[in-house]
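Next comes structure24.txt, a file with compact mmCIF, C-alpha atoms and all ligand atoms.
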```txt
# COMPACT_ATOMS: atom_id res chain seq x y z
CA MET V 18 -10.07 101.02 -46.83
CA ASN V 19 -10.13 100.67 -43.07
CA VAL V 20 -7.82 97.72 -42.37
CA ARG V 21 -10.24 96.41 -39.77
CA GLU V 22 -12.79 95.78 -42.50
CA LEU V 23 -10.49 93.27 -44.19
CA PRO V 24 -12.08 89.81 -44.09
CA ILE V 25 -10.10 86.58 -44.00
CA ALA V 26 -11.26 86.00 -47.54
CA GLY V 27 -10.16 83.73 -50.32
CA ARG V 28 -9.90 80.49 -48.36
CA ALA V 29 -12.32 78.57 -50.60
CA THR V 30 -10.80 75.87 -52.79
CA PRO V 31 -10.56 77.26 -56.35
CA GLU V 32 -13.48 76.39 -58.60
CA GLY V 33 -12.84 73.60 -61.06
CA ARG V 34 -10.10 71.99 -58.96
CA ARG V 35 -12.06 69.24 -57.27
CA ILE V 36 -10.66 67.18 -54.42
CA ASP V 37 -11.97 63.66 -53.85
CA PRO V 38 -13.68 64.02 -50.43
CA SER V 39 -12.64 60.49 -49.42
CA LEU V 40 -8.92 61.40 -49.52
CA ASP V 41 -6.88 61.84 -46.38
CA LEU V 42 -5.02 65.02 -47.35
CA GLU V 43 -2.11 64.57 -44.92
CA THR V 44 -1.39 61.09 -46.35
CA GLU V 45 -1.83 62.30 -49.92
CA ILE V 46 0.52 65.25 -49.36
CA GLY V 47 3.14 62.83 -47.95
CA ARG V 48 2.74 60.61 -51.02
CA LEU V 49 2.99 63.54 -53.47
CA LYS V 50 6.11 64.87 -51.75
CA LYS V 51 7.88 61.54 -52.36
CA GLU V 52 6.51 61.10 -55.88
CA LYS V 53 7.57 64.60 -57.01
CA ASN V 54 10.68 64.98 -54.84
CA ALA V 55 9.03 68.02 -53.28
CA VAL V 56 9.65 69.87 -50.07
CA ILE V 57 7.17 72.05 -48.15
CA LEU V 58 8.67 75.17 -46.56
CA ALA V 59 6.20 76.88 -44.21
CA HIS V 60 6.12 80.08 -42.21
CA TYR V 61 4.81 80.11 -38.62
CA TYR V 62 1.81 82.19 -39.69
CA GLN V 63 0.36 79.30 -41.67
CA ASP V 64 -2.60 77.26 -40.43
CA SER V 65 -1.48 74.58 -37.96
CA ASP V 66 -2.46 71.73 -40.31
CA ILE V 67 -0.09 73.15 -42.96
CA GLN V 68 2.70 73.49 -40.39
CA ASP V 69 2.15 69.84 -39.48
CA VAL V 70 2.80 68.60 -43.04
CA ALA V 71 5.78 70.92 -43.63
CA ASP V 72 9.35 69.66 -43.95
CA PHE V 73 10.68 72.89 -42.54
CA ILE V 74 9.08 75.71 -40.52
CA GLY V 75 10.98 78.91 -39.87
CA ASP V 76 11.25 82.68 -39.91
CA SER V 77 11.95 84.59 -43.12
CA LEU V 78 15.72 84.21 -42.85
CA GLN V 79 15.64 80.49 -42.07
CA LEU V 80 13.20 79.88 -44.92
CA ALA V 81 15.53 81.69 -47.34
CA GLN V 82 18.52 79.72 -45.99
CA GLU V 83 16.60 76.46 -46.34
CA ALA V 84 15.55 77.38 -49.89
CA ALA V 85 19.19 78.14 -50.73
CA LYS V 86 20.31 74.62 -49.81
CA THR V 87 17.41 72.41 -50.89
CA GLN V 88 18.01 69.64 -53.44
CA ALA V 89 14.28 69.04 -54.03
CA ASP V 90 12.89 69.34 -57.55
CA VAL V 91 9.80 71.14 -56.28
CA ILE V 92 9.51 73.73 -53.51
CA CYS V 93 5.98 74.22 -52.20
CA PHE V 94 6.21 77.55 -50.42
CA ALA V 95 3.51 77.82 -47.76
CA GLY V 96 3.89 81.50 -47.04
CA VAL V 97 3.39 84.70 -49.00
CA HIS V 98 4.41 85.83 -52.47
CA PHE V 99 7.62 87.71 -51.56
CA MET V 100 8.91 84.64 -49.69
CA ALA V 101 8.23 82.36 -52.66
CA GLU V 102 9.94 84.91 -54.93
CA THR V 103 13.02 84.76 -52.71
CA ALA V 104 13.01 80.95 -52.98
CA LYS V 105 12.72 81.19 -56.78
CA ILE V 106 15.53 83.76 -57.02
CA LEU V 107 17.74 81.32 -55.12
CA ASN V 108 16.49 78.37 -57.21
CA PRO V 109 15.69 79.55 -60.72
CA GLY V 110 15.97 75.99 -62.05
CA ARG V 111 13.51 74.43 -59.59
CA ILE V 112 9.73 74.47 -59.64
CA VAL V 113 8.31 76.78 -56.95
CA VAL V 114 4.59 76.47 -56.23
CA VAL V 115 2.51 78.49 -53.78
CA PRO V 116 -0.82 77.18 -52.43
CA ASP V 117 -2.41 80.56 -53.25
CA MET V 118 -0.56 82.96 -55.54
CA GLU V 119 -2.75 85.82 -54.25
CA ALA V 120 -1.13 85.59 -50.80
CA GLY V 121 0.55 89.01 -50.74
CA CYS V 122 1.80 91.32 -47.99
CA SER V 123 0.79 94.84 -47.01
CA LEU V 124 4.43 95.86 -46.66
CA ALA V 125 5.34 94.64 -50.14
CA ASP V 126 2.15 96.13 -51.62
CA GLY V 127 2.84 99.49 -49.96
CA CYS V 128 6.22 99.83 -51.68
CA PRO V 129 5.75 100.06 -55.46
CA PRO V 130 9.08 99.78 -57.33
CA GLU V 131 8.64 103.02 -59.32
CA LYS V 132 8.08 105.04 -56.11
CA PHE V 133 10.99 103.26 -54.46
CA ARG V 134 13.21 104.11 -57.44
CA ALA V 135 12.18 107.78 -57.21
CA TRP V 136 12.92 107.78 -53.44
CA LYS V 137 16.40 106.41 -54.15
CA ALA V 138 16.97 109.02 -56.83
CA ARG V 139 16.26 111.77 -54.27
CA HIS V 140 19.13 110.40 -52.10
CA PRO V 141 22.13 109.88 -54.39
CA GLY V 142 25.01 108.04 -52.74
CA ALA V 143 22.84 106.48 -50.00
CA VAL V 144 22.96 102.76 -49.11
CA THR V 145 19.60 101.07 -49.62
CA VAL V 146 18.60 98.43 -47.08
CA SER V 147 15.32 96.63 -47.68
CA TYR V 148 13.39 94.38 -45.35
CA ILE V 149 12.79 91.04 -47.10
CA ASN V 150 9.03 91.84 -47.06
CA CYS V 151 9.18 93.58 -50.44
CA SER V 152 8.78 92.63 -54.09
CA ALA V 153 11.61 91.17 -56.18
CA GLU V 154 11.69 94.45 -58.15
CA VAL V 155 12.36 96.40 -54.95
CA LYS V 156 14.98 93.83 -53.93
CA ALA V 157 16.68 94.38 -57.28
CA LEU V 158 16.87 98.12 -56.46
CA SER V 159 18.40 97.47 -53.02
CA ASP V 160 21.99 97.11 -51.85
CA TYR V 161 21.15 94.80 -48.94
CA ILE V 162 18.18 92.66 -47.95
CA VAL V 163 17.59 92.07 -44.25
CA THR V 164 15.10 90.21 -42.09
CA SER V 165 14.03 90.97 -38.54
CA SER V 166 16.63 88.49 -37.25
CA ASN V 167 19.70 89.93 -39.01
CA ALA V 168 18.80 93.59 -39.67
CA GLU V 169 20.66 94.91 -36.63
CA LYS V 170 23.88 93.06 -37.51
CA ILE V 171 23.78 94.10 -41.17
CA VAL V 172 22.94 97.77 -40.52
CA ARG V 173 25.69 97.95 -37.87
CA SER V 174 28.19 96.74 -40.50
CA LEU V 175 27.51 99.69 -42.84
CA PRO V 176 29.97 102.62 -43.09
CA ALA V 177 29.13 105.39 -40.60
CA ASP V 178 29.41 108.19 -43.17
CA LYS V 179 26.70 106.84 -45.47
CA THR V 180 23.02 107.81 -45.45
CA ILE V 181 20.89 104.68 -45.09
CA LEU V 182 17.54 104.37 -46.82
CA PHE V 183 15.55 101.73 -44.94
CA GLY V 184 12.28 100.35 -46.28
CA PRO V 185 9.54 99.39 -46.35
CA ASP V 186 8.72 98.91 -42.63
CA LYS V 187 8.87 102.12 -40.60
CA ASN V 188 8.28 100.28 -37.31
CA LEU V 189 11.19 97.89 -37.80
CA GLY V 190 13.26 100.85 -39.02
CA ALA V 191 12.45 102.99 -35.96
CA TRP V 192 13.23 100.05 -33.64
CA LEU V 193 16.61 99.58 -35.37
CA GLU V 194 17.39 103.30 -35.11
CA LYS V 195 16.92 103.11 -31.33
CA ARG V 196 18.94 99.92 -30.87
CA ILE V 197 21.83 101.06 -33.05
CA GLY V 198 21.71 104.77 -32.25
CA ARG V 199 21.79 105.78 -35.91
CA LYS V 200 19.22 107.77 -37.87
CA MET V 201 18.03 106.39 -41.20
CA GLU V 202 15.64 107.62 -43.89
CA LEU V 203 12.55 105.45 -43.37
CA TRP V 204 10.01 104.39 -45.97
CA GLN V 205 6.59 104.93 -44.38
CA GLY V 206 5.14 101.41 -44.70
CA SER V 207 3.78 99.04 -42.09
CA CYS V 208 2.20 95.63 -41.61
CA ILE V 209 -1.60 95.64 -41.31
CA VAL V 210 -1.40 92.79 -38.79
CA HIS V 211 1.26 94.17 -36.44
CA ASP V 212 -0.33 97.63 -36.59
CA THR V 213 -3.52 96.25 -35.15
CA PHE V 214 -2.40 95.21 -31.66
CA SER V 215 -3.97 97.26 -28.90
CA GLU V 216 -1.68 98.87 -26.35
CA ARG V 217 -4.71 99.45 -24.09
CA LYS V 218 -5.80 95.80 -24.20
CA ILE V 219 -2.25 94.49 -23.65
CA VAL V 220 -1.98 96.71 -20.56
CA GLY V 221 -5.30 95.21 -19.38
CA LEU V 222 -3.99 91.68 -19.98
CA LYS V 223 -0.80 92.42 -18.04
CA GLU V 224 -2.92 93.55 -15.07
CA ARG V 225 -4.90 90.31 -15.15
CA HIS V 226 -1.74 88.20 -15.73
CA PRO V 227 0.94 89.95 -13.66
CA GLU V 228 3.40 87.10 -14.16
CA ALA V 229 3.08 87.09 -17.96
CA LEU V 230 5.92 88.30 -20.17
CA VAL V 231 5.12 90.24 -23.35
CA VAL V 232 6.96 89.03 -26.46
CA ALA V 233 6.63 91.10 -29.63
CA HIS V 234 7.73 91.27 -33.24
CA PRO V 235 9.59 94.47 -34.26
CA GLU V 236 6.93 95.11 -36.92
CA CYS V 237 4.67 96.27 -34.02
CA GLU V 238 4.17 99.96 -33.35
CA GLU V 239 6.33 101.67 -30.73
CA PRO V 240 3.69 101.84 -27.92
CA VAL V 241 3.34 98.04 -28.10
CA LEU V 242 7.12 97.49 -28.32
CA LYS V 243 7.50 99.62 -25.18
CA LEU V 244 5.43 97.05 -23.28
CA ALA V 245 7.55 94.12 -24.52
CA ASP V 246 9.96 92.11 -22.37
CA TYR V 247 11.46 90.60 -25.51
CA ILE V 248 11.44 91.74 -29.16
CA GLY V 249 12.56 89.51 -32.01
CA SER V 250 11.79 87.60 -35.19
CA THR V 251 9.22 84.82 -35.05
CA THR V 252 11.88 82.13 -34.49
CA ASN V 253 13.59 84.20 -31.82
CA ILE V 254 10.29 84.89 -30.03
CA LEU V 255 9.55 81.17 -30.10
CA LYS V 256 13.01 80.25 -28.77
CA TYR V 257 12.79 82.88 -26.03
CA ALA V 258 9.36 81.71 -24.84
CA LEU V 259 10.37 78.04 -24.85
CA ALA V 260 13.64 78.68 -22.99
CA SER V 261 12.14 81.03 -20.38
CA SER V 262 11.41 79.81 -16.85
CA LYS V 263 8.19 81.89 -16.95
CA LYS V 264 4.88 80.16 -17.60
CA GLU V 265 2.71 82.83 -19.24
CA PHE V 266 3.29 84.93 -22.35
CA ILE V 267 1.32 87.60 -24.17
CA VAL V 268 2.30 87.15 -27.82
CA ALA V 269 2.26 90.27 -30.04
CA THR V 270 2.66 88.73 -33.46
CA GLU V 271 0.45 86.72 -35.81
CA PRO V 272 -1.15 83.96 -33.69
CA GLY V 273 -0.20 81.15 -36.12
CA ILE V 274 3.02 80.94 -34.11
CA LEU V 275 1.11 79.74 -31.04
CA HIS V 276 0.92 76.28 -32.63
CA GLN V 277 4.70 75.73 -32.28
CA MET V 278 4.71 77.44 -28.87
CA GLN V 279 2.05 75.10 -27.53
CA LYS V 280 3.72 72.07 -29.11
CA GLY V 281 7.09 73.02 -27.60
CA ALA V 282 5.77 73.87 -24.14
CA PRO V 283 2.35 72.29 -23.49
CA ASP V 284 2.51 73.34 -19.82
CA LYS V 285 2.85 77.06 -20.64
CA VAL V 286 0.08 79.55 -21.41
CA PHE V 287 0.35 81.65 -24.57
CA ILE V 288 -2.14 84.50 -24.92
CA PRO V 289 -2.46 86.14 -28.36
CA ALA V 290 -2.21 89.92 -28.08
CA PRO V 291 -5.65 91.28 -29.03
CA PRO V 292 -6.40 93.72 -31.84
CA GLU V 293 -8.03 97.07 -30.97
CA ALA V 294 -11.32 96.09 -32.66
CA ASN V 295 -13.29 92.94 -31.92
CA CYS V 296 -12.12 91.17 -35.04
CA ALA V 297 -9.71 88.48 -36.18
CA CYS V 298 -7.48 91.11 -37.80
CA ASN V 299 -4.46 89.88 -35.87
CA GLU V 300 -4.55 86.96 -38.34
CA CYS V 301 -2.71 87.79 -41.55
CA PRO V 302 -5.33 87.83 -44.34
CA HIS V 303 -2.59 87.02 -46.85
CA MET V 304 -0.89 84.13 -45.05
CA ARG V 305 -4.28 82.64 -44.22
CA LYS V 306 -5.31 82.46 -47.87
CA ASN V 307 -3.28 79.24 -47.96
CA THR V 308 -5.15 76.15 -46.77
CA LEU V 309 -4.30 72.46 -46.50
CA GLU V 310 -6.58 71.82 -49.50
CA LYS V 311 -4.71 74.36 -51.65
CA THR V 312 -1.38 72.96 -50.44
CA TYR V 313 -2.48 69.51 -51.62
CA LEU V 314 -3.65 70.90 -54.98
CA SER V 315 -0.40 72.81 -55.54
CA LEU V 316 1.56 69.57 -55.14
CA ARG V 317 -0.88 67.46 -57.16
CA ASP V 318 -1.08 69.84 -60.14
CA LEU V 319 2.22 71.75 -59.68
CA THR V 320 0.30 74.98 -59.99
CA PRO V 321 0.06 77.91 -59.23
CA ARG V 322 3.70 78.05 -60.23
CA LEU V 323 5.90 81.07 -59.67
CA GLU V 324 7.70 82.22 -62.82
CA MET V 325 10.15 85.11 -62.97
CA SER V 326 12.20 86.63 -65.77
CA GLU V 327 15.88 85.67 -65.85
CA ASP V 328 16.76 89.34 -65.78
CA LEU V 329 14.81 90.00 -62.56
CA VAL V 330 16.23 86.89 -60.88
CA GLU V 331 19.73 88.05 -61.71
CA ARG V 332 19.16 91.61 -60.46
CA ALA V 333 17.48 90.56 -57.20
CA LEU V 334 20.00 87.82 -56.35
CA LEU V 335 22.99 89.97 -55.34
CA PRO V 336 21.41 91.81 -52.34
CA ILE V 337 19.93 88.49 -51.11
CA GLU V 338 23.33 86.80 -51.38
CA ARG V 339 24.90 89.68 -49.48
CA MET V 340 22.36 89.08 -46.71
CA LEU V 341 23.00 85.33 -46.62
CA SER V 342 26.74 85.79 -46.40
CA LEU V 343 26.38 88.32 -43.54
CA SER V 344 23.91 86.16 -41.55
P1 LIG V 401 9.87 86.78 -39.49
O1 LIG V 401 9.31 85.37 -39.53
O2 LIG V 401 11.12 86.87 -40.27
O3 LIG V 401 10.01 87.24 -38.09
O4 LIG V 401 8.81 87.73 -40.23
C1 LIG V 401 7.52 87.93 -39.81
C2 LIG V 401 6.60 88.34 -40.90
O5 LIG V 401 5.82 89.23 -40.80
C3 LIG V 401 6.64 87.62 -42.12
O6 LIG V 401 5.83 88.21 -43.02
FE1 LIG V 402 3.03 90.93 -44.56
FE2 LIG V 402 2.25 91.49 -42.10
FE3 LIG V 402 1.22 89.39 -43.32
FE4 LIG V 402 3.80 89.36 -42.53
S1 LIG V 402 2.01 89.45 -41.22
S2 LIG V 402 2.98 88.69 -44.52
S3 LIG V 402 4.34 91.51 -42.84
S4 LIG V 402 0.95 91.52 -43.94
```

Please express what this file holds, its structure, as C-alpha cells.
Amino acid sequence: MNVRELPIAGRATPEGRRIDPSLDLETEIGRLKKEKNAVILAHYYQDSDIQDVADFIGDSLQLAQEAAKTQADVICFAGVHFMAETAKILNPGRIVVVPDMEAGCSLADGCPPEKFRAWKARHPGAVTVSYINCSAEVKALSDYIVTSSNAEKIVRSLPADKTILFGPDKNLGAWLEKRIGRKMELWQGSCIVHDTFSERKIVGLKERHPEALVVAHPECEEPVLKLADYIGSTTNILKYALASSKKEFIVATEPGILHQMQKGAPDKVFIPAPPEANCACNECPHMRKNTLEKTYLSLRDLTPRLEMSEDLVERALLPIERMLSLS
C-alpha cells in the first residue's frame, strides 16, 4: 500500500466501553492514578492532552530507564507496542496497560523475527545490534539494543574486527556508519513517518525562513538529514531547540513534539517539516491511535493489558540490560 494512503484511523473509543460524558477526564485520570498506584509514561508523539496528564514524557531511552525504576503497581504506557513490551520486560511483575494495543510501528512490523533469524544465520559470528523499535522476539535475537540517543556510543564500543548487523532502521544505520566511519550490514527497514518529509519543501521553507535552523531525527532519509543543523533523538532535538539562541526551527520529526517545544519556549517559532504529499502523514498513525479517552479507559478497566511469556521476557531482557548499563 502507498504509505500516503494511510489514514489516521482507529481513534474512536472502542464499542461497548462507554464513558460518562459528564466526566472531566483529566480529573478522573488523576484520581485513577492515585487509586491504582499507576504511572503514565508518554512519548512526545502522543496527543498533547495525553502528554499533559503524563507523569513522565521522554524519548525511547528515557522511557525505558523510567520503566526500569518505577515502583508503581500499574504502568500505563502511552506510546506504541514495542515500547510497552520493553516496559513489561523490565517489569514482569507489574501491570502494563496500553491505551490502544493496536498501536504498532512500521519499523517493528517490517522486521519479522523469522526473517531476522535467517539474516543472522547468513552472518555467523557477527554482532547483532537492534534499534529499540523492534518486537520483543527480535530483541531476544539481538546482542545489543540501542536507541537513537545511545546508538553511536554503543556501536563505537564494539570490537573493530567484528561484522555488525544493524536493524531494522536503514536510515539510522546509514547515519551511524557516517558518524563512526564503520560499515555495517543494514536491515532495509524504515519509518513511514520519517520517510515522508519532503526535501524540496524543506528547502522552500528555508528560503522563506532564512534564520530558521533545521532539526531532524536520524530516522529521516539522507537528503533530509543533509539539510539538518542538528540531528538527534526526540529529547535531544527538544533540548537543542530550547537551548539555542535562534528563534525559528523547522522540525523534521513527528509533530507531537512541538507541544513540549512550544511549552518550553513560547517566544520561539517551531515549523513542522511538511510531508511530500498534502496529507497529515507526518503524524504517526500508530502513536495517534492512543487518545485521552482510551488512556482513561485503560486506567479505569486495567485493559488492554500487555502479557508476555516468561520465556520471552527472559530472552529479551539481556540485550536491554546491556543497553541500560552502557547508557
Ligand atoms: P526517540 O524518542 O527515541 O528519539 O524515538 C523516536 C521514535 O520514532 C519512536 O518511535
Ligand atoms: Fe514507528 Fe515511525 Fe511511528 Fe516511531 S514514528 S512509532 S518509528 S512508525

Query - Atom-to-atom span, CA of Met100 (chain V) and CA of Leu124 (chain V), Å - result: 12.5 Å

Once you count all atoms listed in the file, what closest atom pair and distance in Å to one decimal does each residue of region 41-98 of chain V within 8 Å of region 231-252 of chain V have, with rows by chain and rising residue number, as JSON lines?
```
{"residue": "V:Tyr61", "atom": "CA", "partner": "V:Thr251", "partner_atom": "CA", "distance": 7.4}
{"residue": "V:Gly75", "atom": "CA", "partner": "V:Thr252", "partner_atom": "CA", "distance": 6.3}
{"residue": "V:Asp76", "atom": "CA", "partner": "V:Thr252", "partner_atom": "CA", "distance": 5.5}
```

Requested in this report: Compute the set of protein, DNA and RNA residues whose minimum atom distance to ligand LIG 401 (chain V) is at most 10 Å, using all atoms listed in the file, and state it as a ChimeraX atom specification.
Outcome: /V:60-62,74-81,96-100,121-125,148-151,163-167,208-211,233-237,249-254,270-271,274,301,303-304

Report task. Would you kindly return, as an MDAnalysis selection string, each protein, DNA or RNA residue with an atom no farther than 8 Å from any atom of Ile36 (chain V), considering only C-alpha atoms and excluding same-chain residues fewer than 3 positions away? Result -> chainID V and resid 40 310 314

Query raised in the report: Hey, what's within 12 Å of Val146 (chain V) if we count only C-alpha atoms and toss same-chain stuff fewer than 3 positions away? As a VMD selection string, please?
Result: chain V and resid 133 137 143 149 to 151 155 to 164 167 to 169 171 to 175 179 to 186 189 to 190 193 201 to 204 336 to 337 339 to 340

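The nearest approach to ligand LIG 402 (chain V) among the residues V:Asn54, V:Thr308, V:Thr87, V:Gln63, with all atoms listed in the file taken into account, belongs to V:Gln63.
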
**Report entry** Closest of V:Ala269, V:Cys93, V:Val144, V:Ala138 to ligand LIG 402 (chain V) - atom-to-atom distances counting all atoms listed in the file
**Finding:** V:Ala269

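Distances from V:Leu259, V:Ala290, V:Ile197, V:Val113 to Lys223 (chain V) were compared using all atoms listed in the file, and the smallest one belongs to V:Ala290.
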
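Of the residues under consideration (V:Cys298, V:Ala282, V:Leu58, V:Ala177), V:Cys298 shows the shortest atom-to-atom contact distance to ligand LIG 402 (chain V) when counting all atoms listed in the file.
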
Query raised in the report: Nearest to ligand LIG 402 (chain V): which of V:Val70, V:Ala29, V:Leu49, V:Ala101 is it, counting only C-alpha atoms and all ligand atoms?
Result: V:Ala101
